[in-house]
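Listing of work_11.pdb; format and content: PDB, C-alpha atoms.
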ATOM      1  CA  MET E  97     -39.985 120.181  75.543  1.00  0.00           C
ATOM      2  CA  LYS E  98     -41.321 122.698  73.059  1.00  0.00           C
ATOM      3  CA  ILE E  99     -43.079 125.713  74.531  1.00  0.00           C
ATOM      4  CA  THR E 100     -46.142 127.068  72.728  1.00  0.00           C
ATOM      5  CA  TYR E 101     -48.071 130.257  73.464  1.00  0.00           C
ATOM      6  CA  ASP E 102     -51.702 131.145  72.993  1.00  0.00           C
ATOM      7  CA  ALA E 103     -52.920 134.569  71.818  1.00  0.00           C
ATOM      8  CA  ASP E 104     -53.395 135.904  75.356  1.00  0.00           C
ATOM      9  CA  SER E 105     -49.861 134.960  76.391  1.00  0.00           C
ATOM     10  CA  ILE E 106     -48.402 136.715  73.366  1.00  0.00           C
ATOM     11  CA  LYS E 107     -50.419 139.852  74.217  1.00  0.00           C
ATOM     12  CA  TYR E 108     -49.192 139.743  77.827  1.00  0.00           C
ATOM     13  CA  ILE E 109     -45.565 139.318  76.730  1.00  0.00           C
ATOM     14  CA  ALA E 110     -45.836 142.241  74.293  1.00  0.00           C
ATOM     15  CA  LEU E 111     -47.426 144.480  76.925  1.00  0.00           C
ATOM     16  CA  ILE E 112     -44.854 143.644  79.602  1.00  0.00           C
ATOM     17  CA  GLU E 113     -41.956 144.141  77.189  1.00  0.00           C
ATOM     18  CA  THR E 114     -43.198 147.529  75.970  1.00  0.00           C
ATOM     19  CA  LEU E 115     -43.985 148.906  79.426  1.00  0.00           C
ATOM     20  CA  SER E 116     -40.832 147.711  81.172  1.00  0.00           C
ATOM     21  CA  ARG E 117     -38.358 147.558  78.249  1.00  0.00           C
ATOM     22  CA  VAL E 118     -37.286 144.099  79.444  1.00  0.00           C
ATOM     23  CA  LYS E 119     -36.950 140.984  77.253  1.00  0.00           C
ATOM     24  CA  VAL E 120     -39.307 138.303  78.601  1.00  0.00           C
ATOM     25  CA  LYS E 121     -37.847 134.779  78.283  1.00  0.00           C
ATOM     26  CA  ASP E 122     -41.063 132.967  79.104  1.00  0.00           C
ATOM     27  CA  LEU E 123     -44.554 133.618  80.432  1.00  0.00           C
ATOM     28  CA  PHE E 124     -47.051 131.058  81.692  1.00  0.00           C
ATOM     29  CA  MET E 125     -50.120 130.811  83.894  1.00  0.00           C
ATOM     30  CA  LEU E 126     -49.809 128.822  87.117  1.00  0.00           C
ATOM     31  CA  ASN E 127     -52.770 128.603  89.533  1.00  0.00           C
ATOM     32  CA  GLY E 128     -54.196 131.933  88.368  1.00  0.00           C
ATOM     33  CA  ILE E 129     -50.864 133.729  88.714  1.00  0.00           C
ATOM     34  CA  LEU E 130     -48.999 134.958  85.653  1.00  0.00           C
ATOM     35  CA  CYS E 131     -45.368 133.801  85.983  1.00  0.00           C
ATOM     36  CA  CYS E 132     -42.933 135.956  84.056  1.00  0.00           C
ATOM     37  CA  VAL E 133     -39.399 134.604  83.531  1.00  0.00           C
ATOM     38  CA  VAL E 134     -36.761 137.232  82.774  1.00  0.00           C
ATOM     39  CA  SER E 135     -32.988 137.277  83.022  1.00  0.00           C
ATOM     40  CA  LYS E 136     -31.711 137.808  86.552  1.00  0.00           C
ATOM     41  CA  SER E 137     -30.135 141.155  85.661  1.00  0.00           C
ATOM     42  CA  ASP E 138     -33.454 142.528  84.337  1.00  0.00           C
ATOM     43  CA  MET E 139     -35.550 141.633  87.399  1.00  0.00           C
ATOM     44  CA  SER E 140     -35.106 144.992  89.118  1.00  0.00           C
ATOM     45  CA  LYS E 141     -35.885 146.795  85.876  1.00  0.00           C
ATOM     46  CA  LEU E 142     -39.203 144.934  85.560  1.00  0.00           C
ATOM     47  CA  ILE E 143     -40.178 145.296  89.212  1.00  0.00           C
ATOM     48  CA  GLY E 144     -39.198 148.972  89.487  1.00  0.00           C
ATOM     49  CA  SER E 145     -38.419 150.888  92.653  1.00  0.00           C
ATOM     50  CA  ASN E 146     -40.715 149.740  95.459  1.00  0.00           C
ATOM     51  CA  GLY E 147     -42.555 147.516  92.944  1.00  0.00           C
ATOM     52  CA  VAL E 148     -44.135 150.448  91.110  1.00  0.00           C
ATOM     53  CA  LYS E 149     -43.845 149.050  87.565  1.00  0.00           C
ATOM     54  CA  ILE E 150     -45.014 145.541  88.372  1.00  0.00           C
ATOM     55  CA  LYS E 151     -47.979 146.885  90.366  1.00  0.00           C
ATOM     56  CA  LYS E 152     -48.931 149.097  87.422  1.00  0.00           C
ATOM     57  CA  ILE E 153     -48.807 146.115  85.053  1.00  0.00           C
ATOM     58  CA  GLN E 154     -50.806 143.973  87.518  1.00  0.00           C
ATOM     59  CA  ASN E 155     -53.511 146.654  87.701  1.00  0.00           C
ATOM     60  CA  MET E 156     -53.648 146.922  83.906  1.00  0.00           C
ATOM     61  CA  LEU E 157     -53.956 143.152  83.409  1.00  0.00           C
ATOM     62  CA  LYS E 158     -56.030 142.565  86.572  1.00  0.00           C
ATOM     63  CA  LYS E 159     -53.826 139.541  87.310  1.00  0.00           C
ATOM     64  CA  ARG E 160     -51.141 138.791  89.870  1.00  0.00           C
ATOM     65  CA  ILE E 161     -47.654 138.499  88.399  1.00  0.00           C
ATOM     66  CA  LYS E 162     -44.735 136.543  89.823  1.00  0.00           C
ATOM     67  CA  VAL E 163     -41.333 137.560  88.468  1.00  0.00           C
ATOM     68  CA  ILE E 164     -38.780 134.743  88.244  1.00  0.00           C
ATOM     69  CA  GLY E 165     -35.113 135.395  87.513  1.00  0.00           C
ATOM     70  CA  PHE E 166     -33.747 132.880  85.014  1.00  0.00           C
ATOM     71  CA  ASP E 167     -30.361 131.257  85.614  1.00  0.00           C
ATOM     72  CA  ASP E 168     -28.581 128.519  83.652  1.00  0.00           C
ATOM     73  CA  ASP E 169     -27.754 126.793  86.939  1.00  0.00           C
ATOM     74  CA  ILE E 170     -30.708 124.689  88.094  1.00  0.00           C
ATOM     75  CA  ASN E 171     -29.969 125.330  91.785  1.00  0.00           C
ATOM     76  CA  GLU E 172     -30.047 129.120  91.348  1.00  0.00           C
ATOM     77  CA  PHE E 173     -33.177 128.934  89.208  1.00  0.00           C
ATOM     78  CA  VAL E 174     -35.033 126.926  91.859  1.00  0.00           C
ATOM     79  CA  LYS E 175     -33.853 129.352  94.541  1.00  0.00           C
ATOM     80  CA  ASN E 176     -35.176 132.270  92.442  1.00  0.00           C
ATOM     81  CA  TYR E 177     -38.513 130.507  91.911  1.00  0.00           C
ATOM     82  CA  LEU E 178     -38.933 129.802  95.627  1.00  0.00           C
ATOM     83  CA  HIS E 179     -37.693 133.292  96.548  1.00  0.00           C
ATOM     84  CA  PRO E 180     -39.677 134.274  99.642  1.00  0.00           C
ATOM     85  CA  LEU E 181     -38.989 130.817 101.095  1.00  0.00           C
ATOM     86  CA  LYS E 182     -35.519 130.196 102.508  1.00  0.00           C
ATOM     87  CA  VAL E 183     -34.095 126.782 101.690  1.00  0.00           C
ATOM     88  CA  ASP E 184     -30.830 125.486 103.137  1.00  0.00           C
ATOM     89  CA  LYS E 185     -29.441 123.463 100.283  1.00  0.00           C
ATOM     90  CA  ILE E 186     -30.425 122.422  96.771  1.00  0.00           C
ATOM     91  CA  GLU E 187     -28.670 119.419  95.233  1.00  0.00           C
ATOM     92  CA  ASN E 188     -28.913 117.939  91.746  1.00  0.00           C
ATOM     93  CA  GLN E 189     -28.128 114.202  91.721  1.00  0.00           C
ATOM     94  CA  ASP E 190     -28.701 112.129  88.569  1.00  0.00           C
ATOM     95  CA  SER E 191     -31.506 114.425  87.306  1.00  0.00           C
ATOM     96  CA  ASN E 192     -33.169 114.263  90.745  1.00  0.00           C
ATOM     97  CA  LEU E 193     -33.494 117.502  92.678  1.00  0.00           C
ATOM     98  CA  ILE E 194     -33.135 117.350  96.478  1.00  0.00           C
ATOM     99  CA  ILE E 195     -34.189 120.408  98.475  1.00  0.00           C
ATOM    100  CA  SER E 196     -33.204 120.605 102.156  1.00  0.00           C
ATOM    101  CA  CYS E 197     -35.139 122.729 104.666  1.00  0.00           C
ATOM    102  CA  LYS E 198     -34.603 123.256 108.394  1.00  0.00           C
ATOM    103  CA  ASP E 199     -38.071 124.007 109.666  1.00  0.00           C
ATOM    104  CA  SER E 200     -41.298 122.168 109.016  1.00  0.00           C
ATOM    105  CA  LYS E 201     -43.174 125.384 108.135  1.00  0.00           C
ATOM    106  CA  THR E 202     -40.998 125.931 105.059  1.00  0.00           C
ATOM    107  CA  LYS E 203     -41.382 122.266 104.138  1.00  0.00           C
ATOM    108  CA  GLY E 204     -45.151 122.539 104.389  1.00  0.00           C
ATOM    109  CA  LEU E 205     -45.258 125.670 102.243  1.00  0.00           C
ATOM    110  CA  LEU E 206     -43.003 124.007  99.672  1.00  0.00           C
ATOM    111  CA  ILE E 207     -45.021 120.815  99.415  1.00  0.00           C
ATOM    112  CA  GLY E 208     -48.463 122.424  99.691  1.00  0.00           C
ATOM    113  CA  ARG E 209     -51.850 120.855 100.162  1.00  0.00           C
ATOM    114  CA  SER E 210     -52.022 117.475  98.435  1.00  0.00           C
ATOM    115  CA  ARG E 211     -48.521 118.066  96.958  1.00  0.00           C
ATOM    116  CA  SER E 212     -49.735 120.922  94.745  1.00  0.00           C
ATOM    117  CA  GLY E 213     -46.676 123.097  95.438  1.00  0.00           C
ATOM    118  CA  LEU E 214     -44.325 120.246  94.625  1.00  0.00           C
ATOM    119  CA  ILE E 215     -46.174 119.423  91.397  1.00  0.00           C
ATOM    120  CA  ASP E 216     -46.081 123.092  90.315  1.00  0.00           C
ATOM    121  CA  LEU E 217     -42.357 123.310  91.093  1.00  0.00           C
ATOM    122  CA  LYS E 218     -41.668 120.213  89.005  1.00  0.00           C
ATOM    123  CA  ARG E 219     -43.757 121.566  86.125  1.00  0.00           C
ATOM    124  CA  VAL E 220     -41.850 124.874  86.099  1.00  0.00           C
ATOM    125  CA  VAL E 221     -38.378 123.367  86.484  1.00  0.00           C
ATOM    126  CA  SER E 222     -39.003 120.726  83.809  1.00  0.00           C
ATOM    127  CA  ARG E 223     -39.797 123.503  81.300  1.00  0.00           C
ATOM    128  CA  TYR E 224     -36.110 124.459  81.287  1.00  0.00           C
ATOM    129  CA  PHE E 225     -34.129 121.538  82.731  1.00  0.00           C
ATOM    130  CA  ASN E 226     -34.231 117.778  82.346  1.00  0.00           C
ATOM    131  CA  ILE E 227     -35.414 116.524  85.725  1.00  0.00           C
ATOM    132  CA  ASN E 228     -37.142 113.313  86.853  1.00  0.00           C
ATOM    133  CA  GLU E 229     -38.087 113.867  90.476  1.00  0.00           C
ATOM    134  CA  ILE E 230     -38.017 116.496  93.234  1.00  0.00           C
ATOM    135  CA  LYS E 231     -37.535 115.436  96.857  1.00  0.00           C
ATOM    136  CA  ILE E 232     -37.856 117.557  99.990  1.00  0.00           C
ATOM    137  CA  LYS E 233     -35.765 116.713 103.056  1.00  0.00           C
TER     138      LYS E 233
END
Encoding of this model in C-alpha cells:
Amino acid sequence: MKITYDADSIKYIALIETLSRVKVKDLFMLNGILCCVVSKSDMSKLIGSNGVKIKKIQNMLKKRIKVIGFDDDINEFVKNYLHPLKVDKIENQDSNLIISCKDSKTKGLLIGRSRSGLIDLKRVVSRYFNINEIKIK
C-alpha cells in the first residue's frame, strides 16, 4: 500500500522533526489524534523527560499526539501501538493476528464501541504489514 501525505501532514512532520531532531517514519490522523511513528530507539528523544517535548509540540499544534515505536516484528509493533493496554500474547498465523487478553476490561478497550478500536488497529497495522484479519481472544 502506497502512503500519500497532504500538505498539513508534511508541515506536521517537518515541525516535529525540527523541534525534536528525530526522523519521523510516518504520521497520520486517527480519530482526531495525530499518530507519529518513529523508530523505537528515538521514542524517548521525541517524548523528552517527563513528556516535556511532546507536550510542547501538542500545545503548538493544538492536537493530541500519540507516539508509536516502529518495529519490523509485527508482534512488537502491535504491542507498541497498544502500549498502555497490557496484552498477554500476540500471535501471527497465516496473515491473521490473534491477540490474547486475560481480563474483559482490556478486551473491551481493545475492541471499542461498535468495533471502532479493532477497525483502527487493523487500519494502522495494515499500513506496514500484510494482514487479513485481527481476532481478540
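The closest residue to Ser137 in chain E, picked from E:Phe124, E:Phe173, E:Phe225, E:Phe166 and counting only C-alpha atoms, is E:Phe166.
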Using the chain letters and residue numbers of this document, give as number ranges by chain the residues selected by the PyMOL selection byres ((chain E and resi 211-220) around 12). E: 97, 99, 122-127, 129, 131-133, 164, 166, 170, 173-178, 191-195, 202-210, 221-232
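What separates CA of Asp169 in chain E from CA of Ile186 in chain E is a distance of 11.1 Å.
In this structure, CA of Leu142 in chain E sits 12.6 Å away from CA of Lys121 in chain E.
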List the spatial neighbours of range 112-117 of chain E as a list of chain:residue names - criterion: any atom at most 8 Å away, only C-alpha atoms, same-chain residues fewer than 5 positions off excluded. E:Lys141, E:Leu142, E:Lys149, E:Ile153
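Candidate residues E:Val118, E:Val148, E:Lys233, E:Asp138 were compared for distance to Val183 in chain E, and the nearest is E:Lys233, using all atoms listed in the file.
Among the candidates E:Asn171, E:Asn146, E:Lys98, E:Tyr108, the one nearest to Gln189 in chain E when counting all atoms listed in the file is E:Asn171.
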Please write N, CA and C atoms of range 208-219 of chain E, from the structure given just now, as a PDB file, in the first residue's frame.
ATOM      1  N   GLY E 208     -13.508  -1.750  21.537  1.00  0.00           N
ATOM      2  CA  GLY E 208     -14.141  -0.438  21.445  1.00  0.00           C
ATOM      3  C   GLY E 208     -15.605  -0.519  21.086  1.00  0.00           C
ATOM      4  N   ARG E 209     -16.264   0.612  21.164  1.00  0.00           N
ATOM      5  CA  ARG E 209     -17.685   0.670  20.836  1.00  0.00           C
ATOM      6  C   ARG E 209     -17.869   0.431  19.344  1.00  0.00           C
ATOM      7  N   SER E 210     -18.753  -0.474  19.032  1.00  0.00           N
ATOM      8  CA  SER E 210     -19.064  -0.902  17.665  1.00  0.00           C
ATOM      9  C   SER E 210     -17.787  -1.208  16.870  1.00  0.00           C
ATOM     10  N   ARG E 211     -16.855  -1.908  17.517  1.00  0.00           N
ATOM     11  CA  ARG E 211     -15.607  -2.416  16.927  1.00  0.00           C
ATOM     12  C   ARG E 211     -14.685  -1.327  16.396  1.00  0.00           C
ATOM     13  N   SER E 212     -14.843  -0.094  16.862  1.00  0.00           N
ATOM     14  CA  SER E 212     -14.034   1.002  16.322  1.00  0.00           C
ATOM     15  C   SER E 212     -12.554   0.836  16.647  1.00  0.00           C
ATOM     16  N   GLY E 213     -12.230   0.366  17.841  1.00  0.00           N
ATOM     17  CA  GLY E 213     -10.832   0.147  18.214  1.00  0.00           C
ATOM     18  C   GLY E 213     -10.174  -0.924  17.371  1.00  0.00           C
ATOM     19  N   LEU E 214     -10.922  -1.979  17.099  1.00  0.00           N
ATOM     20  CA  LEU E 214     -10.416  -3.078  16.279  1.00  0.00           C
ATOM     21  C   LEU E 214     -10.204  -2.637  14.827  1.00  0.00           C
ATOM     22  N   ILE E 215     -11.117  -1.848  14.312  1.00  0.00           N
ATOM     23  CA  ILE E 215     -11.002  -1.342  12.938  1.00  0.00           C
ATOM     24  C   ILE E 215      -9.797  -0.409  12.815  1.00  0.00           C
ATOM     25  N   ASP E 216      -9.601   0.467  13.823  1.00  0.00           N
ATOM     26  CA  ASP E 216      -8.445   1.368  13.809  1.00  0.00           C
ATOM     27  C   ASP E 216      -7.135   0.590  13.888  1.00  0.00           C
ATOM     28  N   LEU E 217      -7.096  -0.429  14.732  1.00  0.00           N
ATOM     29  CA  LEU E 217      -5.897  -1.261  14.862  1.00  0.00           C
ATOM     30  C   LEU E 217      -5.565  -1.934  13.538  1.00  0.00           C
ATOM     31  N   LYS E 218      -6.575  -2.456  12.867  1.00  0.00           N
ATOM     32  CA  LYS E 218      -6.349  -3.116  11.578  1.00  0.00           C
ATOM     33  C   LYS E 218      -5.854  -2.121  10.537  1.00  0.00           C
ATOM     34  N   ARG E 219      -6.418  -0.920  10.546  1.00  0.00           N
ATOM     35  CA  ARG E 219      -6.011   0.113   9.591  1.00  0.00           C
ATOM     36  C   ARG E 219      -4.538   0.486   9.793  1.00  0.00           C
TER      37      ARG E 219
END
